[in-house]
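Participant: The structure follows.
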Amino acid sequence: MLKDAQGLVVTTDSAKAIAAINRFTQQMLGYGSDAETAILQAIAADPTCALAHAYAAAYYLTQENRKSWQQAQPYLRTAQQHFAKATAREQLYIQAISAWANQEIEVAIAIHEEITDKSPCDLISVQQGQYHYFYLGDKEKLWQIAQKVLPSNPENHYLYGMVAFGLEQCHQLEAAENMAYQAIAINKYDPWAHHAIAHVMETQKRVDEGIAWMESFADTWENCNSMLYTHNWWHIALYYLQLENYREVLNLYDTHIWRRANKQSPKDQVGAISLLLRLELHGVDVGNRWQGISPYLYSRIDEHALPFQDLHYVYALAKAGHHDWVKQMLLSMQYHALSINPFQRRRWLEITLPAARGMVAHAQGDFHTTVAELQPVLSRLHEIGGSHAQRVLFGQVYQDAVSSSQQQSWVYGITA
């Protein structure tokens with residue numbers, strides 16, 4: 001057995017496997033573009049390393065699409081085949097990823113909490129715990145799972161960035177900014193720390209400062225994965241949107257957000273969709289850009305990886321005029337909601353489905369239905385996940401529908 005760069009024991013005798021695992025860890029924590037390559041190199045160096053296989057499965061699960069979830073399965077089965085000889089920490093990790101693959105998110109979270117209690121230097125487990133809390137809308141626990149391991153990870157800029165984001169989500173903005181600055185003082189190229197400060201400055205309406213800050217680091221994002229590359233540029237676009245510089249927002253969409261997107265990536269798709277919707281709420285004609293996205297969304301109709309994602313997909317399909325696809329997706333969402341475990345079912349039935357109907361109605365100009373469907377669930381929309389900056393969009397759609405429905409009522413009343 002050997003130790004990785006975090007000081008954690010890994011069941012392998014291959015120095016090459018350890019080097020590749022270290023590279024994978026760095027890439028995952030730093031949102032790099034080579035995480036997949038690194039972990040496959042670890043497996044090639046030691047095909048019996050259970051943890052490497054579990055890491056590969058976890059990597060594919062984070063992609064949140066059907067193809068990648070299928071890719072995860074053989075790696076997860078191999079990890080389970082070598083389970084018996086793994087360390088206790090590795091066994092817990094394999095169990096956490098198995099639970100995730102089975103859609104038992106509450107089980108996965110509990111195991112990640114146990115891992116971070118027993119092995120607080122396991123920052124991959126911290127990161128994945130935060131990931132799950134993020135998509136459950138539990139901002140306090142998102143922050144706490146990172147905060148609790150700070151004493152065991154002094155001067156670790158990756159962890160400082162995680163804590164900073166958790167603090168920001170909990171509206172502790174000054175503490176979040178200070179923590180992110182500590183991360184950047186150690187490593188100025190930490191893109192997640194840049195991202196945390198982008199959130200703080202946007203919340204505080206420090207628009208010009210936010211643009212200057214983010215653009216000063218933009219050249220350091222070239223080695224990021226497409227998700228964080230496009231997402232950090234998405235934050236810059238939101239600043240320009242606040243300035244009503246719509247020409248620049250469209251330029252950023254065309255050059256950095258959709259053009260540089262992995263067109264098959266759900267997270268990249270969601271960012272592009274949300275920016276187009278925001279532009280339209282500001283009265284901007286986005287041309288044929290909805291039609292440019294929609295062909296990549298057909299495979300999402302029956303996928304249902306995350307409710308947060310589905311609300312974006314179904315809206316985009318409606319805006320692109322694919323009404324048959326929209327009907328198919330809404331029906332598929334209902335079947336999905338009835339087929340999953342009770343922990344997940346409630347938020348799909350009580351929140352996601354009415355929100356989806358409301359989003360579709362808005363896209364189709366039926367503002368009275370939008371208000372009727374969204375109003376009862378607005379206070380619970382945090383339960384579908386996403387950040388404050390992302391979820392505020394649904395409230396904006398609702399407010400636009402309220403205003404538009406009042407105008408429609410006035411017009412119809414005058415002309416009746």
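Identifiers in the structure tokens: chain A, B, ... in order shown; residue index from 1 per chain; ligand index from 1 in order shown.
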Excluding His336 in chain A and residues on its chain fewer than 3 positions from it, collect all residues at most 12 Å away from it, counting only C-alpha atoms, and give them as a PyMOL selection string.
Facilitator: chain A and resi 301-307+310+329-333+339-342+344-349+352-353
Participant: Just to be explicit: take each residue in the selection above, keep N, CA and C atoms, and write the result as a PDB file, in the first residue's frame.
Facilitator:
ATOM      1  N   ILE A 301     -34.689  14.201 -22.960  1.00  0.00           N
ATOM      2  CA  ILE A 301     -36.135  14.133 -22.718  1.00  0.00           C
ATOM      3  C   ILE A 301     -36.487  13.081 -21.671  1.00  0.00           C
ATOM      4  N   ASP A 302     -35.847  11.930 -21.710  1.00  0.00           N
ATOM      5  CA  ASP A 302     -36.164  10.848 -20.769  1.00  0.00           C
ATOM      6  C   ASP A 302     -35.039  10.612 -19.753  1.00  0.00           C
ATOM      7  N   GLU A 303     -34.152  11.581 -19.589  1.00  0.00           N
ATOM      8  CA  GLU A 303     -32.948  11.366 -18.773  1.00  0.00           C
ATOM      9  C   GLU A 303     -33.193  11.624 -17.288  1.00  0.00           C
ATOM     10  N   HIS A 304     -33.603  12.833 -16.955  1.00  0.00           N
ATOM     11  CA  HIS A 304     -34.025  13.205 -15.596  1.00  0.00           C
ATOM     12  C   HIS A 304     -32.926  12.984 -14.545  1.00  0.00           C
ATOM     13  N   ALA A 305     -31.725  13.428 -14.867  1.00  0.00           N
ATOM     14  CA  ALA A 305     -30.626  13.304 -13.913  1.00  0.00           C
ATOM     15  C   ALA A 305     -30.822  14.234 -12.718  1.00  0.00           C
ATOM     16  N   LEU A 306     -31.246  15.473 -12.991  1.00  0.00           N
ATOM     17  CA  LEU A 306     -31.442  16.456 -11.931  1.00  0.00           C
ATOM     18  C   LEU A 306     -32.664  17.313 -12.271  1.00  0.00           C
ATOM     19  N   PRO A 307     -33.533  17.575 -11.309  1.00  0.00           N
ATOM     20  CA  PRO A 307     -34.702  18.422 -11.595  1.00  0.00           C
ATOM     21  C   PRO A 307     -34.310  19.821 -12.052  1.00  0.00           C
ATOM     22  N   ASP A 310     -33.738  19.686 -15.725  1.00  0.00           N
ATOM     23  CA  ASP A 310     -34.944  19.461 -16.517  1.00  0.00           C
ATOM     24  C   ASP A 310     -35.748  20.737 -16.736  1.00  0.00           C
ATOM     25  N   MET A 329     -41.617  15.146 -22.934  1.00  0.00           N
ATOM     26  CA  MET A 329     -40.764  15.314 -21.756  1.00  0.00           C
ATOM     27  C   MET A 329     -41.591  15.485 -20.486  1.00  0.00           C
ATOM     28  N   LEU A 330     -42.650  16.272 -20.552  1.00  0.00           N
ATOM     29  CA  LEU A 330     -43.481  16.456 -19.365  1.00  0.00           C
ATOM     30  C   LEU A 330     -44.086  15.130 -18.907  1.00  0.00           C
ATOM     31  N   LEU A 331     -44.523  14.322 -19.852  1.00  0.00           N
ATOM     32  CA  LEU A 331     -45.075  13.018 -19.508  1.00  0.00           C
ATOM     33  C   LEU A 331     -43.994  12.114 -18.928  1.00  0.00           C
ATOM     34  N   SER A 332     -42.805  12.157 -19.511  1.00  0.00           N
ATOM     35  CA  SER A 332     -41.697  11.342 -19.020  1.00  0.00           C
ATOM     36  C   SER A 332     -41.292  11.762 -17.613  1.00  0.00           C
ATOM     37  N   MET A 333     -41.315  13.059 -17.335  1.00  0.00           N
ATOM     38  CA  MET A 333     -40.992  13.551 -15.995  1.00  0.00           C
ATOM     39  C   MET A 333     -41.979  13.001 -14.971  1.00  0.00           C
ATOM     40  N   SER A 339     -41.608   6.739 -10.221  1.00  0.00           N
ATOM     41  CA  SER A 339     -40.800   5.516 -10.213  1.00  0.00           C
ATOM     42  C   SER A 339     -39.623   5.559  -9.266  1.00  0.00           C
ATOM     43  N   ILE A 340     -39.271   6.738  -8.740  1.00  0.00           N
ATOM     44  CA  ILE A 340     -38.061   6.871  -7.930  1.00  0.00           C
ATOM     45  C   ILE A 340     -38.368   6.710  -6.449  1.00  0.00           C
ATOM     46  N   ASN A 341     -37.289   6.683  -5.647  1.00  0.00           N
ATOM     47  CA  ASN A 341     -37.474   6.437  -4.215  1.00  0.00           C
ATOM     48  C   ASN A 341     -38.157   7.628  -3.534  1.00  0.00           C
ATOM     49  N   PRO A 342     -38.765   7.406  -2.391  1.00  0.00           N
ATOM     50  CA  PRO A 342     -39.548   8.469  -1.743  1.00  0.00           C
ATOM     51  C   PRO A 342     -38.740   9.725  -1.429  1.00  0.00           C
ATOM     52  N   GLN A 344     -36.503  11.169  -3.195  1.00  0.00           N
ATOM     53  CA  GLN A 344     -36.462  11.991  -4.392  1.00  0.00           C
ATOM     54  C   GLN A 344     -37.863  12.337  -4.899  1.00  0.00           C
ATOM     55  N   ARG A 345     -38.800  11.423  -4.705  1.00  0.00           N
ATOM     56  CA  ARG A 345     -40.118  11.554  -5.339  1.00  0.00           C
ATOM     57  C   ARG A 345     -40.834  12.835  -4.919  1.00  0.00           C
ATOM     58  N   ARG A 346     -40.738  13.170  -3.659  1.00  0.00           N
ATOM     59  CA  ARG A 346     -41.530  14.288  -3.164  1.00  0.00           C
ATOM     60  C   ARG A 346     -41.175  15.590  -3.869  1.00  0.00           C
ATOM     61  N   ARG A 347     -39.888  15.864  -4.043  1.00  0.00           N
ATOM     62  CA  ARG A 347     -39.537  17.141  -4.667  1.00  0.00           C
ATOM     63  C   ARG A 347     -39.857  17.145  -6.162  1.00  0.00           C
ATOM     64  N   TRP A 348     -39.864  15.964  -6.784  1.00  0.00           N
ATOM     65  CA  TRP A 348     -40.265  15.913  -8.188  1.00  0.00           C
ATOM     66  C   TRP A 348     -41.767  16.168  -8.321  1.00  0.00           C
ATOM     67  N   LEU A 349     -42.569  15.507  -7.513  1.00  0.00           N
ATOM     68  CA  LEU A 349     -44.019  15.651  -7.621  1.00  0.00           C
ATOM     69  C   LEU A 349     -44.511  17.019  -7.155  1.00  0.00           C
ATOM     70  N   THR A 352     -40.936  20.044  -8.823  1.00  0.00           N
ATOM     71  CA  THR A 352     -40.386  20.044 -10.178  1.00  0.00           C
ATOM     72  C   THR A 352     -41.472  20.019 -11.247  1.00  0.00           C
ATOM     73  N   LEU A 353     -42.460  19.151 -11.096  1.00  0.00           N
ATOM     74  CA  LEU A 353     -43.488  19.038 -12.130  1.00  0.00           C
ATOM     75  C   LEU A 353     -44.310  20.324 -12.291  1.00  0.00           C
TER      76      LEU A 353
END
Participant: Neighbours of Ser387 in chain A within 8 Å (only C-alpha atoms; same-chain residues fewer than 2 positions away dropped), as a ChimeraX atom specification?
Facilitator: /A:134,137,169,385,389-391
Participant: Restricted to N, CA, C and O atoms, what would the selected residues look like written as a PDB file, in the first residue's frame?
Facilitator:
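What landed in selection-v3.pdb:
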ATOM      1  N   PHE A 134     -25.458  20.711  -2.832  1.00  0.00           N
ATOM      2  CA  PHE A 134     -25.767  21.786  -3.773  1.00  0.00           C
ATOM      3  C   PHE A 134     -27.048  21.472  -4.531  1.00  0.00           C
ATOM      4  O   PHE A 134     -27.925  22.330  -4.671  1.00  0.00           O
ATOM      5  N   GLY A 137     -30.150  21.742  -2.464  1.00  0.00           N
ATOM      6  CA  GLY A 137     -30.451  23.069  -1.961  1.00  0.00           C
ATOM      7  C   GLY A 137     -30.193  23.248  -0.481  1.00  0.00           C
ATOM      8  O   GLY A 137     -30.764  24.145   0.148  1.00  0.00           O
ATOM      9  N   GLN A 169     -23.028  31.023  -0.183  1.00  0.00           N
ATOM     10  CA  GLN A 169     -24.384  30.499  -0.303  1.00  0.00           C
ATOM     11  C   GLN A 169     -25.186  30.719   0.979  1.00  0.00           C
ATOM     12  O   GLN A 169     -26.409  30.812   0.937  1.00  0.00           O
ATOM     13  N   GLY A 385     -32.050  22.549  -6.062  1.00  0.00           N
ATOM     14  CA  GLY A 385     -30.621  22.776  -6.217  1.00  0.00           C
ATOM     15  C   GLY A 385     -30.302  24.003  -7.040  1.00  0.00           C
ATOM     16  O   GLY A 385     -31.168  24.777  -7.432  1.00  0.00           O
ATOM     17  N   ALA A 389     -27.557  32.571  -7.576  1.00  0.00           N
ATOM     18  CA  ALA A 389     -27.475  33.263  -8.858  1.00  0.00           C
ATOM     19  C   ALA A 389     -28.219  32.508  -9.950  1.00  0.00           C
ATOM     20  O   ALA A 389     -28.796  33.118 -10.856  1.00  0.00           O
ATOM     21  N   GLN A 390     -28.217  31.184  -9.868  1.00  0.00           N
ATOM     22  CA  GLN A 390     -28.918  30.389 -10.873  1.00  0.00           C
ATOM     23  C   GLN A 390     -30.420  30.342 -10.620  1.00  0.00           C
ATOM     24  O   GLN A 390     -31.225  30.483 -11.539  1.00  0.00           O
ATOM     25  N   ARG A 391     -30.812  30.161  -9.354  1.00  0.00           N
ATOM     26  CA  ARG A 391     -32.242  29.980  -9.049  1.00  0.00           C
ATOM     27  C   ARG A 391     -33.042  31.263  -9.143  1.00  0.00           C
ATOM     28  O   ARG A 391     -34.262  31.216  -9.319  1.00  0.00           O
TER      29      ARG A 391
END
Participant: For CA of Arg247 in chain A and CA of Val284 in chain A, determine how far apart the two atoms are, in Å to one decimal place.
Facilitator: 9.4 Å
Participant: So which one's closest to Ala237 in chain A, A:His112, A:Arg260, A:Arg278, A:Arg206? Using only C-alpha atoms, please.
Facilitator: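 Result for the nearest residue to Ala237 in chain A: A:Arg278.
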Participant: Return the single residue from A:Gln95, A:Gln406, A:Gln291, A:Asn223 that is closest to Ser33 in chain A, with distances computed using only C-alpha atoms.
Facilitator: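 Checking each of A:Gln95, A:Gln406, A:Gln291, A:Asn223 against Ser33 in chain A, counting only C-alpha atoms, the winner is A:Asn223.
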Participant: Pick from A:Ile115, A:Val314, A:Val249, A:Ala58: nearest to Trp100 in chain A, with only C-alpha atoms counted?
Facilitator: A:Ala58
Participant: Quick one: residues within 7 Å of Met227 in chain A, only C-alpha atoms counted, chain neighbours fewer than 3 positions away excluded, as a PyMOL selection string?
Facilitator: chain A and resi 230-231+267-268
Participant: Quick one: residues within 6 Å of range 73-89 of chain A, only C-alpha atoms counted, chain neighbours fewer than 2 positions away excluded, as number ranges by chain?
Facilitator: A: 11, 50, 53-54, 57, 70-71, 91-92
Participant: In Å, how far is it from CA of Ile384 in chain A to CA of Lys319 in chain A?
Facilitator: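 Atom-to-atom, CA of Ile384 in chain A and CA of Lys319 in chain A are spaced 21.9 Å apart.
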Participant: Show which residues sit within 12 Å of Glu244 in chain A, as JSON, numbers by chain. Count only C-alpha atoms, and ignore same-chain residues fewer than 2 positions away.
Facilitator: {"A": [207, 237, 238, 239, 240, 241, 242, 246, 247, 248, 249, 250, 278, 279, 281, 282, 283, 284]}
Participant: Report as a PDB file with N, CA and C atoms, in the first residue's frame all protein, DNA and RNA residues lying within 7 Å of Ile43 in chain A, evaluated on only C-alpha atoms, omitting residues in the same chain fewer than 6 positions from it.
Facilitator:
ATOM      1  N   ALA A  17       0.357   4.394 -10.467  1.00  0.00           N
ATOM      2  CA  ALA A  17      -1.063   4.563 -10.144  1.00  0.00           C
ATOM      3  C   ALA A  17      -1.253   5.706  -9.150  1.00  0.00           C
ATOM      4  N   CYS A  49      -6.786  -1.692  -8.587  1.00  0.00           N
ATOM      5  CA  CYS A  49      -6.956  -0.636  -7.576  1.00  0.00           C
ATOM      6  C   CYS A  49      -8.425  -0.240  -7.493  1.00  0.00           C
ATOM      7  N   ALA A  52      -9.272   3.606  -7.613  1.00  0.00           N
ATOM      8  CA  ALA A  52      -9.163   4.227  -8.927  1.00  0.00           C
ATOM      9  C   ALA A  52     -10.425   3.966  -9.747  1.00  0.00           C
ATOM     10  N   HIS A  53     -10.931   2.754  -9.685  1.00  0.00           N
ATOM     11  CA  HIS A  53     -12.170   2.442 -10.400  1.00  0.00           C
ATOM     12  C   HIS A  53     -13.350   3.232  -9.835  1.00  0.00           C
TER      13      HIS A  53
END
